[in-house]
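Worksheet for the structure shown next.
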Amino acid sequence: MQELKIRFHHINVGYCQEFWEIFPEGKQKQPCFIIRDTSGPGGSWRIASGEFYEPSFEVSDKVTLILCNHKWEEHLRVGNDKGRFPVGFPTQKEACREAWNNFSGKPIRLLDTPDFWRWFAPYLPTDLPSCEQDNWRDNNRQIVKRESLSQFDFCGDEMAIVRITERHTECGLTWRMYYADWTDEDHSTNYAKFFGYECGNYVIDTNPLQIANLPWYELGLTITAETLKVFNAMIGKTGKAPYSSHDPGIRRLVKLLKEHTARHNRGLTPTINKEYTCETCGSRSGKCHPTTSYCFICGTDNWKPAQ
C-alpha cells in the first residue's frame with residue numbers, strides 16, 4: 001500500500017476543488033498537489049497535473065492519504081477506496097458552515113454583498129460620478145476592531161469565526177463582517193468562508209420592545225415609524241448620539257432600550273473594554289455583552305473610541 005502525506009493548501013471555490021499539498025521529497029522545489037473534488041458527496045481525490053494544476057486521473061484506491069496539519073503532523077487517513085474509508089472527511093466549507101450553525105452569537109440579520117451595496121447606496125455623495133462610486137465606497141475603509149469569536153478544528157489546525165468592525169473614513173458609517181479563517185495569522189488566507197455583513201443596528205426594528213404596531217403612544221409622546229427610521233440612521237453615524245438628541249422620541253427609545261436590555265441581560269456578567277464608549281446611551285463603563293460585545297447597557301453596537 002502506498003501512502004502520501006498531504007496538507008490543506010487552498011480552495012478553488014468556483015470549481016468545487018480543494019487543493020492539498022503533497023509532502024515534498026528530496027530536492028523538490030515546486031509544490032505538488034492532490035485535488036479533492038467537492039462537487040459530490042464525500043468528494044473524490046485526483047492528481048493535479050500540468051502548469052496550471054488541472055485535475056487529471058483519480059488517485060488509486062490502493063493509496064492511503066495521510067491528512068496532516070500545517071506542521072505535517074498526522075490527523076486522519078482517507079482515500080478513494082470507500083470500502084477502507086467509508087466515512088468521508090468534511091470539506092473546509094462544511095466545517096465552517098457547521099461551526100457557524102453551532103455559533104450562539106450569530107447576528108439576527110446579515111446582508112450578503114449585493115444587499116450591502118444597496119444598504120450603502122443612500123450614503124454615497126450625490127455629486128459622485130457612477131464610475132467612481134465603487135472606489136469611494138471600497139477604498140476608504142478603516143478596520144476598527146478584529147475579534148476571534150469562536151474556535152473550531154479543521155484537520156488538526158485551529159480556525160475561528162472572525163468579526164471585523166470597519167468604519168468608512170469619509171462618511172463615518174460602521175458595519176461588521178463575519179467570516180471564518182485560520183487563527184494563525186501567518187496561515188491566514190482571509191475569508192475561508194464569508195458569512196455576511198451586519199449593518200446598522202436592528203435592535204428596534206426587529207421588535208424586542210413590542211412597539212411594532214406603530215404609532216406608539218405614551219404620556220402624550222408619539223413614536224412613529226419615522227422616529228424609528230431616524231433612530232436607526234443615527235446608529236453608527238459619526239457625531240450622531242441618540243442619548244443627547246433634542247428629539248424626545250429618540251431619547252425615549254434609548255430609555256426603552258436600556259430597560260429591555262437590563263431585563264435581557266439579567267444574570268449575565270459583562271466583559272469590560274474601556275477603550276470605547278457607547279454613542280447610543282452614553283455609557284462610559286465599557287461594559288459589553290460577553291458573547292456579542294454589544295453595549296451591556298442598551299444592547300446596541302454603536303461604539304466610539306474613548307477620548
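By convention in this document, the chains of the C-alpha cells carry letters A, B, ... by their order, each chain's residues are numbered from 1, and ligands are numbered from 1 in the order they are shown.
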Within 7 Å of Trp175 (chain A), counting only C-alpha atoms, which residues qualify if same-chain residues fewer than 3 places away don't, as a PyMOL selection string?
-> chain A and resi 165-167+197-200
Distance of CA of Arg263 (chain A) from CA of Leu111 (chain A), expressed in Å to one decimal place =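 CA of Arg263 (chain A) lies 28.1 Å from CA of Leu111 (chain A).
Counting only C-alpha atoms and comparing A:Lys93, A:Arg137, A:Arg251, A:Lys71, the residue that lies closest to Asn12 (chain A) is A:Lys93.
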Could you pull out all residues of region 21-153 of chain A with a DSSP call of helix (DSSP H, G or I) and give them as a PyMOL selection string?
-> chain A and resi 92-102+113-123+130-138
Please produce an output containing C-alpha atoms for each residue in the selection, written as a compact mmCIF listing (two decimals), in the first residue's frame.
# COMPACT_ATOMS: atom_id res chain seq x y z
CA GLN A 92 -13.40 23.07 4.78
CA LYS A 93 -16.62 24.69 3.59
CA GLU A 94 -18.68 22.10 5.52
CA ALA A 95 -16.56 22.56 8.66
CA CYS A 96 -17.04 26.34 8.50
CA ARG A 97 -20.79 26.00 7.92
CA GLU A 98 -21.17 23.60 10.87
CA ALA A 99 -19.18 25.94 13.15
CA TRP A 100 -21.40 28.86 12.10
CA ASN A 101 -24.59 26.87 12.68
CA ASN A 102 -23.38 25.98 16.20
CA THR A 113 -22.59 41.60 -0.65
CA PRO A 114 -25.24 42.87 -3.14
CA ASP A 115 -27.56 43.82 -0.26
CA PHE A 116 -24.67 45.53 1.50
CA TRP A 117 -24.08 47.64 -1.61
CA ARG A 118 -27.76 48.55 -1.68
CA TRP A 119 -27.66 49.44 2.03
CA PHE A 120 -24.66 51.71 1.45
CA ALA A 121 -26.02 53.39 -1.71
CA PRO A 122 -28.03 56.18 0.04
CA TYR A 123 -24.86 57.41 1.74
CA SER A 130 -21.19 56.44 -11.08
CA CYS A 131 -17.79 55.25 -12.33
CA GLU A 132 -16.20 56.40 -9.04
CA GLN A 133 -18.82 55.16 -6.59
CA ASP A 134 -17.32 51.68 -6.05
CA ASN A 135 -13.86 53.14 -5.41
CA TRP A 136 -15.25 55.70 -2.96
CA ARG A 137 -17.13 53.02 -1.04
CA ASP A 138 -14.38 50.37 -1.01
Find the residues around Lys82 (chain A) up to 12 Å (only C-alpha atoms counted), leave out those fewer than 5 positions away in its own chain, and share them as a PyMOL selection string.
-> chain A and resi 41-45+60-64+87-89
To one decimal in Å, tell me the separation between CA of Tyr53 (chain A) and CA of Phe23 (chain A).
->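 That distance, rounded to one decimal, is 16.1 Å.
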Nearest candidate to Glu259 (chain A) (options A:Gly299, A:Pro55, A:Gly40, A:Pro125; using only C-alpha atoms) =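 Answer, going by the shortest atom-to-atom distance: A:Gly299.
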Please provide as a ChimeraX atom specification all residues within 8 Å of Trp72 (chain A), with the sequence filter that same-chain residues fewer than 3 positions apart are discarded (counting only C-alpha atoms).
-> /A:5-7,23,68-69
Next, the residues of the selection above should be written as a PDB file, in the first residue's frame with all heavy atoms.
ATOM      1  N   LYS A   5       1.525  11.762   2.343  1.00  0.00           N
ATOM      2  CA  LYS A   5       1.207  12.786   3.332  1.00  0.00           C
ATOM      3  C   LYS A   5       0.792  14.064   2.594  1.00  0.00           C
ATOM      4  O   LYS A   5       1.506  14.529   1.700  1.00  0.00           O
ATOM      5  CB  LYS A   5       2.407  13.067   4.233  1.00  0.00           C
ATOM      6  CG  LYS A   5       2.793  11.912   5.139  1.00  0.00           C
ATOM      7  CD  LYS A   5       4.050  12.245   5.948  1.00  0.00           C
ATOM      8  CE  LYS A   5       3.771  13.341   6.957  1.00  0.00           C
ATOM      9  NZ  LYS A   5       4.951  13.589   7.839  1.00  0.00           N
ATOM     10  N   ILE A   6      -0.353  14.619   2.968  1.00  0.00           N
ATOM     11  CA  ILE A   6      -0.839  15.842   2.334  1.00  0.00           C
ATOM     12  C   ILE A   6      -1.366  16.795   3.409  1.00  0.00           C
ATOM     13  O   ILE A   6      -1.749  16.366   4.503  1.00  0.00           O
ATOM     14  CB  ILE A   6      -1.938  15.572   1.284  1.00  0.00           C
ATOM     15  CG1 ILE A   6      -3.144  14.883   1.936  1.00  0.00           C
ATOM     16  CG2 ILE A   6      -1.399  14.743   0.138  1.00  0.00           C
ATOM     17  CD1 ILE A   6      -4.325  14.687   0.986  1.00  0.00           C
ATOM     18  N   ARG A   7      -1.354  18.077   3.087  1.00  0.00           N
ATOM     19  CA  ARG A   7      -1.942  19.060   3.989  1.00  0.00           C
ATOM     20  C   ARG A   7      -2.735  20.071   3.178  1.00  0.00           C
ATOM     21  O   ARG A   7      -2.421  20.350   2.012  1.00  0.00           O
ATOM     22  CB  ARG A   7      -0.874  19.776   4.818  1.00  0.00           C
ATOM     23  CG  ARG A   7       0.066  20.668   4.027  1.00  0.00           C
ATOM     24  CD  ARG A   7       1.092  21.343   4.927  1.00  0.00           C
ATOM     25  NE  ARG A   7       1.991  22.219   4.164  1.00  0.00           N
ATOM     26  CZ  ARG A   7       3.027  22.867   4.695  1.00  0.00           C
ATOM     27  NH1 ARG A   7       3.314  22.718   5.988  1.00  0.00           N
ATOM     28  NH2 ARG A   7       3.780  23.649   3.940  1.00  0.00           N
ATOM     29  N   PHE A  23       3.524  16.209   0.597  1.00  0.00           N
ATOM     30  CA  PHE A  23       4.764  16.402   1.346  1.00  0.00           C
ATOM     31  C   PHE A  23       5.961  16.362   0.391  1.00  0.00           C
ATOM     32  O   PHE A  23       6.127  15.411  -0.371  1.00  0.00           O
ATOM     33  CB  PHE A  23       4.916  15.317   2.408  1.00  0.00           C
ATOM     34  CG  PHE A  23       6.133  15.494   3.282  1.00  0.00           C
ATOM     35  CD1 PHE A  23       6.156  16.438   4.292  1.00  0.00           C
ATOM     36  CD2 PHE A  23       7.263  14.706   3.073  1.00  0.00           C
ATOM     37  CE1 PHE A  23       7.278  16.591   5.095  1.00  0.00           C
ATOM     38  CE2 PHE A  23       8.395  14.861   3.862  1.00  0.00           C
ATOM     39  CZ  PHE A  23       8.396  15.816   4.878  1.00  0.00           C
ATOM     40  N   CYS A  68      -2.656  15.851   7.109  1.00  0.00           N
ATOM     41  CA  CYS A  68      -1.815  16.450   8.154  1.00  0.00           C
ATOM     42  C   CYS A  68      -2.231  17.889   8.416  1.00  0.00           C
ATOM     43  O   CYS A  68      -2.866  18.537   7.573  1.00  0.00           O
ATOM     44  CB  CYS A  68      -0.345  16.426   7.737  1.00  0.00           C
ATOM     45  SG  CYS A  68       0.319  14.771   7.386  1.00  0.00           S
ATOM     46  N   ASN A  69      -1.828  18.378   9.592  1.00  0.00           N
ATOM     47  CA  ASN A  69      -1.987  19.807   9.839  1.00  0.00           C
ATOM     48  C   ASN A  69      -0.857  20.551   9.146  1.00  0.00           C
ATOM     49  O   ASN A  69      -0.037  19.945   8.443  1.00  0.00           O
ATOM     50  CB  ASN A  69      -2.042  20.099  11.342  1.00  0.00           C
ATOM     51  CG  ASN A  69      -0.740  19.719  12.058  1.00  0.00           C
ATOM     52  OD1 ASN A  69       0.294  19.486  11.435  1.00  0.00           O
ATOM     53  ND2 ASN A  69      -0.795  19.661  13.375  1.00  0.00           N
TER      54      ASN A  69
END
Of the listed residues A:Thr38, A:Thr292, A:Asn265, A:Asn302, that which approaches Thr91 (chain A) most closely, counting only C-alpha atoms =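 Distance minimum relative to Thr91 (chain A) lands on A:Thr38.
Note that the spacing between CA of Phe57 (chain A) and CA of Asp157 (chain A) amounts to 28.7 Å.
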Nearest to His70 (chain A): which of A:His246, A:Lys27, A:His9, A:Arg252 is it, counting only C-alpha atoms?
-> A:His9
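In terms of minimum interatomic distance to Gly50 (chain A), A:Phe33 ranks closest within A:Leu65, A:Pro107, A:Gln28, A:Phe33, counting only C-alpha atoms.
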Choose the residue, out of A:Leu67, A:Leu149, A:Ile143, A:Ala48, that has the smallest atom-to-atom separation from His168 (chain A); count only C-alpha atoms.
-> A:Ile143
